[in-house]
Amino acid sequence: MDASILRTTYTSFIRPILEYGFQILQTASATNLKKLERIQLGAAQIIAGSSKKDQHPVLLKQLALETIHNTPLGAVRIFTDGSKNDNGNTGSGVIIKTSDAITKIKKQNPNFCSVFRSELIAIDEALDHMISNNSSCDIWIFTDSRSSVQFLSNWRNIGDKTGTDIVNKLRIYSSHNDIHLQWIPSHVDLFFNDLADDLAKEGSAEPLDNRGLLTYREIFSKVRADNNRILRIPPIHDWYQQKHLGAALELKGDRKLQTTITRFISGHTHTLSYVQGQKVFPACLECNTHQFTPDHLLSCMELEKRNLFESPALVRDFLWASGLLDLV
């Protein structure tokens, strides 16, 4: 679909909705306005046919190198980065480059710490090093985390411990030296930035500093990730035939049929009750000799368990013809 069609679609269907609520949007909160702004920018990006992948790495690298090389003589260049692996281990890496030496710092952060906070911890570690060594040089901190730069630029509204520590250290160090916080692009083959990234990955394997504590959002993220992982594990029951969740939706038929067959397969029929923690079914209406369990009901109708998966509609018809459908 070319840009002209996309532009027409946007101006015809999306833009009128935004303009219709213009009077209300004038009094909207900054948070809601930012959400609308993301829609506008996203639409403009799609119409223009540009994306993050289209950004030329060679040009980005050239612009970043120009910024780095234009730092004043005698200034300390600091490169920071954060990393997180698939196991939830996080680390921070720092490269401090002076005129005569290069200092490397790596540190493991609390497990399931966010990448964003790992980036902030790297900046905090760099400032810690400069203050503890009584440095009297101006410093340029280069980070590939745009969110960290935006977060610290809004320093009046910072309330978390890591952010507050950074702001206090910035205030202390800037009382006698200049500090510059500069964003640079990631993964464009910038030597010292890539080196900081490697240190952050190595830091995730370092001994854990137990003094670090997770924030509420990080704890919530960890619990949610654990719950999602547990939910993907099929329950261990003899009646559970599938190897993944959502198998009921794969049954051919409408929602009512899927619900009926699923209740039948699981044994959670309308007639099921529990006595002292044990499943109890009423007597079978067909033979009056056995409990009304799904397995016995299948045998009474001369059906097999595979029929539930291969021909669920057939099983439902048998239940309806036998007058047992409302009991399942």
# chains A, B, ... in the order shown; residues from 1 in each chain; ligands from 1
$ residues_around --residues "Gly93 (chain A)" --least-positions-apart "2" --cutoff "6 Å" --atoms "only C-alpha atoms" --output "list in words"
Thr80, Asp81, Ile105, Lys106, Ala122, Ala196, Leu199 and Ala200 of chain A
$ residues_around --residues "Leu319 (chain A)" --least-positions-apart "5" --cutoff "10 Å" --atoms "only C-alpha atoms" --output "number ranges by chain"
A: 297-298, 301, 313-314, 324-328
$ write_last_selection --atoms "N, CA and C atoms" --output "mmCIF file, in the first residue's frame"
data_model
loop_
_atom_site.group_PDB
_atom_site.id
_atom_site.type_symbol
_atom_site.label_atom_id
_atom_site.label_comp_id
_atom_site.auth_asym_id
_atom_site.auth_seq_id
_atom_site.Cartn_x
_atom_site.Cartn_y
_atom_site.Cartn_z
ATOM 1 N N LEU A 297 -20.364 -42.475 31.019
ATOM 2 C CA LEU A 297 -21.369 -41.976 30.089
ATOM 3 C C LEU A 297 -20.982 -42.297 28.643
ATOM 4 N N LEU A 298 -19.703 -42.197 28.334
ATOM 5 C CA LEU A 298 -19.243 -42.549 26.990
ATOM 6 C C LEU A 298 -19.507 -44.027 26.697
ATOM 7 N N MET A 301 -23.124 -44.681 25.920
ATOM 8 C CA MET A 301 -23.521 -44.250 24.580
ATOM 9 C C MET A 301 -22.739 -44.973 23.494
ATOM 10 N N ALA A 313 -19.366 -32.619 17.663
ATOM 11 C CA ALA A 313 -20.790 -32.389 17.375
ATOM 12 C C ALA A 313 -21.575 -33.691 17.494
ATOM 13 N N LEU A 314 -20.961 -34.811 17.115
ATOM 14 C CA LEU A 314 -21.616 -36.111 17.225
ATOM 15 C C LEU A 314 -21.885 -36.453 18.688
ATOM 16 N N LEU A 324 -29.444 -36.015 28.087
ATOM 17 C CA LEU A 324 -28.424 -35.795 29.113
ATOM 18 C C LEU A 324 -27.646 -34.511 28.899
ATOM 19 N N LEU A 325 -27.964 -33.777 27.847
ATOM 20 C CA LEU A 325 -27.160 -32.605 27.505
ATOM 21 C C LEU A 325 -27.168 -31.557 28.604
ATOM 22 N N ASP A 326 -28.316 -31.340 29.263
ATOM 23 C CA ASP A 326 -28.403 -30.321 30.303
ATOM 24 C C ASP A 326 -27.641 -30.700 31.574
ATOM 25 N N LEU A 327 -27.284 -31.969 31.691
ATOM 26 C CA LEU A 327 -26.575 -32.430 32.876
ATOM 27 C C LEU A 327 -25.057 -32.288 32.744
ATOM 28 N N VAL A 328 -24.593 -32.040 31.532
ATOM 29 C CA VAL A 328 -23.151 -31.955 31.293
ATOM 30 C C VAL A 328 -22.667 -30.539 31.542
#
$ select_by_dssp --residues "region 74-264 of chain A" --states "helix (DSSP H, G or I)" --output "JSON, numbers by chain"
{"A": [115, 116, 117, 118, 119, 120, 121, 122, 123, 124, 125, 126, 127, 128, 129, 130, 131, 132, 146, 147, 148, 149, 150, 151, 152, 153, 155, 156, 157, 161, 162, 163, 164, 165, 166, 167, 168, 169, 170, 171, 172, 173, 191, 192, 193, 194, 195, 196, 197, 198, 199, 200, 201, 202, 203, 216, 217, 218, 219, 220, 221, 222, 223, 224, 225, 226, 227, 228, 229, 230, 231, 247, 248, 249, 250, 255, 256, 257, 258, 259, 260, 261, 262, 263, 264]}
$ closest_residue --among "A:Asn227, A:Arg232, A:Asn168, A:Leu272" --to "Arg156 (chain A)" --atoms "only C-alpha atoms"
A:Asn168
$ residues_around --residues "Ile219 (chain A)" --least-positions-apart "6" --cutoff "10 Å" --atoms "only C-alpha atoms" --output "VMD selection string"
chain A and resid 111 to 114 213 225
$ write_last_selection --atoms "C-alpha atoms" --output "CSV table (one decimal), in the first residue's frame"
chain,number,residue,atom,x,y,z
A,111,ASN,CA,17.7,-10.3,39.4
A,112,PHE,CA,14.7,-9.2,37.3
A,113,CYS,CA,15.8,-5.6,37.6
A,114,SER,CA,14.6,-3.7,34.5
A,213,LEU,CA,16.4,-3.9,46.1
A,225,ALA,CA,6.5,-13.3,34.1
$ residues_around --residues "Thr269 (chain A)" --least-positions-apart "4" --cutoff "12 Å" --atoms "only C-alpha atoms" --output "PyMOL selection string"
chain A and resi 259-265+273-274+279-282+292-294+297+324-328
$ write_last_selection --atoms "N, CA, C and O atoms" --output "CSV table (one decimal), in the first residue's frame"
chain,number,residue,atom,x,y,z
A,259,THR,N,-17.7,-25.2,24.9
A,259,THR,CA,-17.9,-25.2,26.4
A,259,THR,C,-18.4,-26.6,26.9
A,259,THR,O,-17.9,-27.1,27.9
A,260,THR,N,-19.4,-27.1,26.2
A,260,THR,CA,-20.0,-28.4,26.6
A,260,THR,C,-19.0,-29.5,26.5
A,260,THR,O,-18.8,-30.3,27.5
A,261,ILE,N,-18.2,-29.6,25.4
A,261,ILE,CA,-17.3,-30.7,25.3
A,261,ILE,C,-16.1,-30.6,26.3
A,261,ILE,O,-15.6,-31.5,26.8
A,262,THR,N,-15.7,-29.3,26.5
A,262,THR,CA,-14.6,-29.1,27.5
A,262,THR,C,-15.0,-29.5,28.9
A,262,THR,O,-14.3,-30.1,29.6
A,263,ARG,N,-16.3,-29.1,29.3
A,263,ARG,CA,-16.8,-29.6,30.6
A,263,ARG,C,-16.8,-31.1,30.7
A,263,ARG,O,-16.5,-31.7,31.7
A,264,PHE,N,-17.2,-31.7,29.6
A,264,PHE,CA,-17.3,-33.2,29.6
A,264,PHE,C,-16.0,-33.8,29.7
A,264,PHE,O,-15.8,-34.8,30.4
A,265,ILE,N,-15.0,-33.3,28.9
A,265,ILE,CA,-13.6,-33.9,29.0
A,265,ILE,C,-13.0,-33.7,30.3
A,265,ILE,O,-12.4,-34.6,30.9
A,273,SER,N,-20.2,-32.9,42.2
A,273,SER,CA,-20.1,-32.3,43.6
A,273,SER,C,-18.9,-32.8,44.3
A,273,SER,O,-18.3,-33.8,43.8
A,274,TYR,N,-18.5,-32.2,45.4
A,274,TYR,CA,-17.4,-32.7,46.2
A,274,TYR,C,-17.8,-33.0,47.6
A,274,TYR,O,-18.6,-32.3,48.2
A,279,LYS,N,-14.4,-36.1,44.3
A,279,LYS,CA,-15.5,-35.9,43.3
A,279,LYS,C,-16.6,-37.0,43.5
A,279,LYS,O,-16.3,-38.2,43.6
A,280,VAL,N,-17.8,-36.5,43.5
A,280,VAL,CA,-18.9,-37.4,43.6
A,280,VAL,C,-19.9,-37.1,42.5
A,280,VAL,O,-20.3,-35.9,42.3
A,281,PHE,N,-20.4,-38.1,41.7
A,281,PHE,CA,-21.4,-37.9,40.7
A,281,PHE,C,-22.6,-38.7,41.1
A,281,PHE,O,-22.6,-39.7,41.8
A,282,PRO,N,-23.8,-38.2,40.6
A,282,PRO,CA,-25.0,-39.0,40.9
A,282,PRO,C,-25.0,-40.3,40.1
A,282,PRO,O,-24.2,-40.5,39.2
A,292,PHE,N,-22.4,-41.2,37.4
A,292,PHE,CA,-22.6,-40.4,36.1
A,292,PHE,C,-21.2,-39.7,35.7
A,292,PHE,O,-21.2,-38.5,35.6
A,293,THR,N,-20.2,-40.5,35.6
A,293,THR,CA,-18.9,-40.0,35.3
A,293,THR,C,-18.8,-39.8,33.7
A,293,THR,O,-19.5,-40.6,33.0
A,294,PRO,N,-18.0,-39.0,33.2
A,294,PRO,CA,-17.8,-38.9,31.8
A,294,PRO,C,-17.4,-40.2,31.1
A,294,PRO,O,-17.9,-40.5,30.0
A,297,LEU,N,-20.4,-42.5,31.0
A,297,LEU,CA,-21.4,-42.0,30.1
A,297,LEU,C,-21.0,-42.3,28.6
A,297,LEU,O,-21.8,-42.7,27.8
A,324,LEU,N,-29.4,-36.0,28.1
A,324,LEU,CA,-28.4,-35.8,29.1
A,324,LEU,C,-27.6,-34.5,28.9
A,324,LEU,O,-26.7,-34.2,29.7
A,325,LEU,N,-28.0,-33.8,27.8
A,325,LEU,CA,-27.2,-32.6,27.5
A,325,LEU,C,-27.2,-31.6,28.6
A,325,LEU,O,-26.1,-30.9,28.9
A,326,ASP,N,-28.3,-31.3,29.3
A,326,ASP,CA,-28.4,-30.3,30.3
A,326,ASP,C,-27.6,-30.7,31.6
A,326,ASP,O,-27.4,-29.9,32.4
A,327,LEU,N,-27.3,-32.0,31.7
A,327,LEU,CA,-26.6,-32.4,32.9
A,327,LEU,C,-25.1,-32.3,32.7
A,327,LEU,O,-24.3,-32.4,33.7
A,328,VAL,N,-24.6,-32.0,31.5
A,328,VAL,CA,-23.2,-32.0,31.3
A,328,VAL,C,-22.7,-30.5,31.5
A,328,VAL,O,-23.3,-29.6,31.1
$ select_by_dssp --residues "region 70-288 of chain A" --states "strand (DSSP E or B)" --output "PyMOL selection string"
chain A and resi 76-84+90-97+102-109+139-143+179-183+273-275+278-280+283
$ residues_around --residues "Leu18 (chain A)" --least-positions-apart "3" --cutoff "12 Å" --atoms "only C-alpha atoms" --output "compact mmCIF listing (two decimals) with C-alpha atoms, in the first residue's frame"
# COMPACT_ATOMS: atom_id res chain seq x y z
CA TYR A 10 -5.54 8.30 8.03
CA THR A 11 -7.08 11.68 7.16
CA SER A 12 -10.45 10.05 6.42
CA PHE A 13 -10.89 7.70 9.35
CA ILE A 14 -8.46 8.51 12.17
CA ARG A 15 -7.84 12.24 12.05
CA GLY A 21 -12.84 15.62 20.47
CA PHE A 22 -10.70 18.73 20.15
CA GLN A 23 -12.72 20.69 22.73
CA ILE A 24 -12.26 17.95 25.32
CA LEU A 25 -8.61 17.36 24.43
CA GLN A 26 -7.82 20.95 25.36
CA LEU A 33 -2.03 13.90 25.20
CA LYS A 35 -0.77 8.85 23.97
CA LEU A 36 -2.48 10.76 21.17
CA GLU A 37 0.85 12.21 20.09
CA ILE A 39 -0.67 7.85 17.40
CA GLN A 40 0.08 10.92 15.29
$ closest_atom_pairs --of "region 105-151 of chain A" --to "region 65-72 of chain A" --cutoff "12 Å" --atoms "only C-alpha atoms" --output "CSV"
residue,atom,partner,partner_atom,distance
A:Cys137,CA,A:Pro72,CA,10.5
A:Asp138,CA,A:Pro72,CA,8.6
A:Ile139,CA,A:Thr71,CA,9.1
A:Trp140,CA,A:Thr71,CA,7.5
A:Ile141,CA,A:Ile68,CA,10.0
A:Phe142,CA,A:Ile68,CA,8.3
A:Thr143,CA,A:Ile68,CA,11.5
$ residues_around --residues "Gly163 (chain A)" --least-positions-apart "2" --cutoff "9 Å" --atoms "only C-alpha atoms" --output "PDB file with N, CA, C and O atoms, in the first residue's frame"
ATOM      1  N   ARG A 117      16.470   0.502  34.596  1.00  0.00           N
ATOM      2  CA  ARG A 117      17.157   0.803  35.853  1.00  0.00           C
ATOM      3  C   ARG A 117      18.617   0.381  35.792  1.00  0.00           C
ATOM      4  O   ARG A 117      19.480   0.989  36.432  1.00  0.00           O
ATOM      5  N   LEU A 120      20.353   3.257  34.401  1.00  0.00           N
ATOM      6  CA  LEU A 120      20.518   4.297  35.423  1.00  0.00           C
ATOM      7  C   LEU A 120      21.603   3.925  36.436  1.00  0.00           C
ATOM      8  O   LEU A 120      22.381   4.781  36.874  1.00  0.00           O
ATOM      9  N   ILE A 121      21.669   2.652  36.801  1.00  0.00           N
ATOM     10  CA  ILE A 121      22.682   2.209  37.762  1.00  0.00           C
ATOM     11  C   ILE A 121      24.076   2.406  37.184  1.00  0.00           C
ATOM     12  O   ILE A 121      25.012   2.763  37.898  1.00  0.00           O
ATOM     13  N   ASP A 124      24.902   5.939  37.613  1.00  0.00           N
ATOM     14  CA  ASP A 124      25.157   6.177  39.036  1.00  0.00           C
ATOM     15  C   ASP A 124      26.550   5.696  39.436  1.00  0.00           C
ATOM     16  O   ASP A 124      27.266   6.365  40.187  1.00  0.00           O
ATOM     17  N   PHE A 151      14.355  10.750  31.290  1.00  0.00           N
ATOM     18  CA  PHE A 151      13.987  10.606  32.699  1.00  0.00           C
ATOM     19  C   PHE A 151      14.747  11.611  33.570  1.00  0.00           C
ATOM     20  O   PHE A 151      14.159  12.308  34.403  1.00  0.00           O
ATOM     21  N   LEU A 152      16.051  11.700  33.362  1.00  0.00           N
ATOM     22  CA  LEU A 152      16.876  12.590  34.186  1.00  0.00           C
ATOM     23  C   LEU A 152      16.657  14.062  33.834  1.00  0.00           C
ATOM     24  O   LEU A 152      16.861  14.934  34.688  1.00  0.00           O
ATOM     25  N   TRP A 155      14.139  16.063  36.139  1.00  0.00           N
ATOM     26  CA  TRP A 155      14.651  15.741  37.470  1.00  0.00           C
ATOM     27  C   TRP A 155      13.750  16.234  38.596  1.00  0.00           C
ATOM     28  O   TRP A 155      13.779  15.703  39.704  1.00  0.00           O
ATOM     29  N   ILE A 158      11.471  13.350  39.768  1.00  0.00           N
ATOM     30  CA  ILE A 158      12.081  12.056  40.082  1.00  0.00           C
ATOM     31  C   ILE A 158      11.856  11.734  41.559  1.00  0.00           C
ATOM     32  O   ILE A 158      12.117  12.565  42.427  1.00  0.00           O
ATOM     33  N   GLY A 159      11.399  10.507  41.831  1.00  0.00           N
ATOM     34  CA  GLY A 159      11.113  10.129  43.211  1.00  0.00           C
ATOM     35  C   GLY A 159      11.725   8.818  43.635  1.00  0.00           C
ATOM     36  O   GLY A 159      11.787   8.515  44.833  1.00  0.00           O
ATOM     37  N   ASP A 160      12.204   7.981  42.672  1.00  0.00           N
ATOM     38  CA  ASP A 160      12.770   6.689  43.063  1.00  0.00           C
ATOM     39  C   ASP A 160      14.202   6.862  43.566  1.00  0.00           C
ATOM     40  O   ASP A 160      14.865   7.871  43.307  1.00  0.00           O
ATOM     41  N   LYS A 161      14.702   5.859  44.288  1.00  0.00           N
ATOM     42  CA  LYS A 161      16.000   5.968  44.961  1.00  0.00           C
ATOM     43  C   LYS A 161      17.153   6.118  43.970  1.00  0.00           C
ATOM     44  O   LYS A 161      18.025   6.981  44.145  1.00  0.00           O
ATOM     45  N   ASP A 165      19.481   9.392  43.746  1.00  0.00           N
ATOM     46  CA  ASP A 165      20.931   9.319  43.972  1.00  0.00           C
ATOM     47  C   ASP A 165      21.698   9.980  42.833  1.00  0.00           C
ATOM     48  O   ASP A 165      22.674  10.707  43.060  1.00  0.00           O
ATOM     49  N   ILE A 166      21.262   9.729  41.610  1.00  0.00           N
ATOM     50  CA  ILE A 166      21.946  10.311  40.450  1.00  0.00           C
ATOM     51  C   ILE A 166      21.823  11.831  40.472  1.00  0.00           C
ATOM     52  O   ILE A 166      22.806  12.557  40.252  1.00  0.00           O
ATOM     53  N   VAL A 167      20.608  12.321  40.748  1.00  0.00           N
ATOM     54  CA  VAL A 167      20.394  13.773  40.775  1.00  0.00           C
ATOM     55  C   VAL A 167      21.253  14.428  41.854  1.00  0.00           C
ATOM     56  O   VAL A 167      21.859  15.492  41.630  1.00  0.00           O
ATOM     57  N   ASN A 168      21.341  13.807  43.015  1.00  0.00           N
ATOM     58  CA  ASN A 168      22.167  14.369  44.099  1.00  0.00           C
ATOM     59  C   ASN A 168      23.647  14.401  43.713  1.00  0.00           C
ATOM     60  O   ASN A 168      24.359  15.375  43.996  1.00  0.00           O
TER      61      ASN A 168
END
$ atom_distance --atom1 "CA of Ser4 (chain A)" --atom2 "CA of Glu19 (chain A)"
20.7 Å
$ residues_around --residues "Phe192 (chain A)" --least-positions-apart "3" --cutoff "9 Å" --atoms "only C-alpha atoms" --output "PyMOL selection string"
chain A and resi 78-79+95+97+189+195-197
$ atom_distance --atom1 "CA of Leu127 (chain A)" --atom2 "CA of Ser148 (chain A)"
14.6 Å
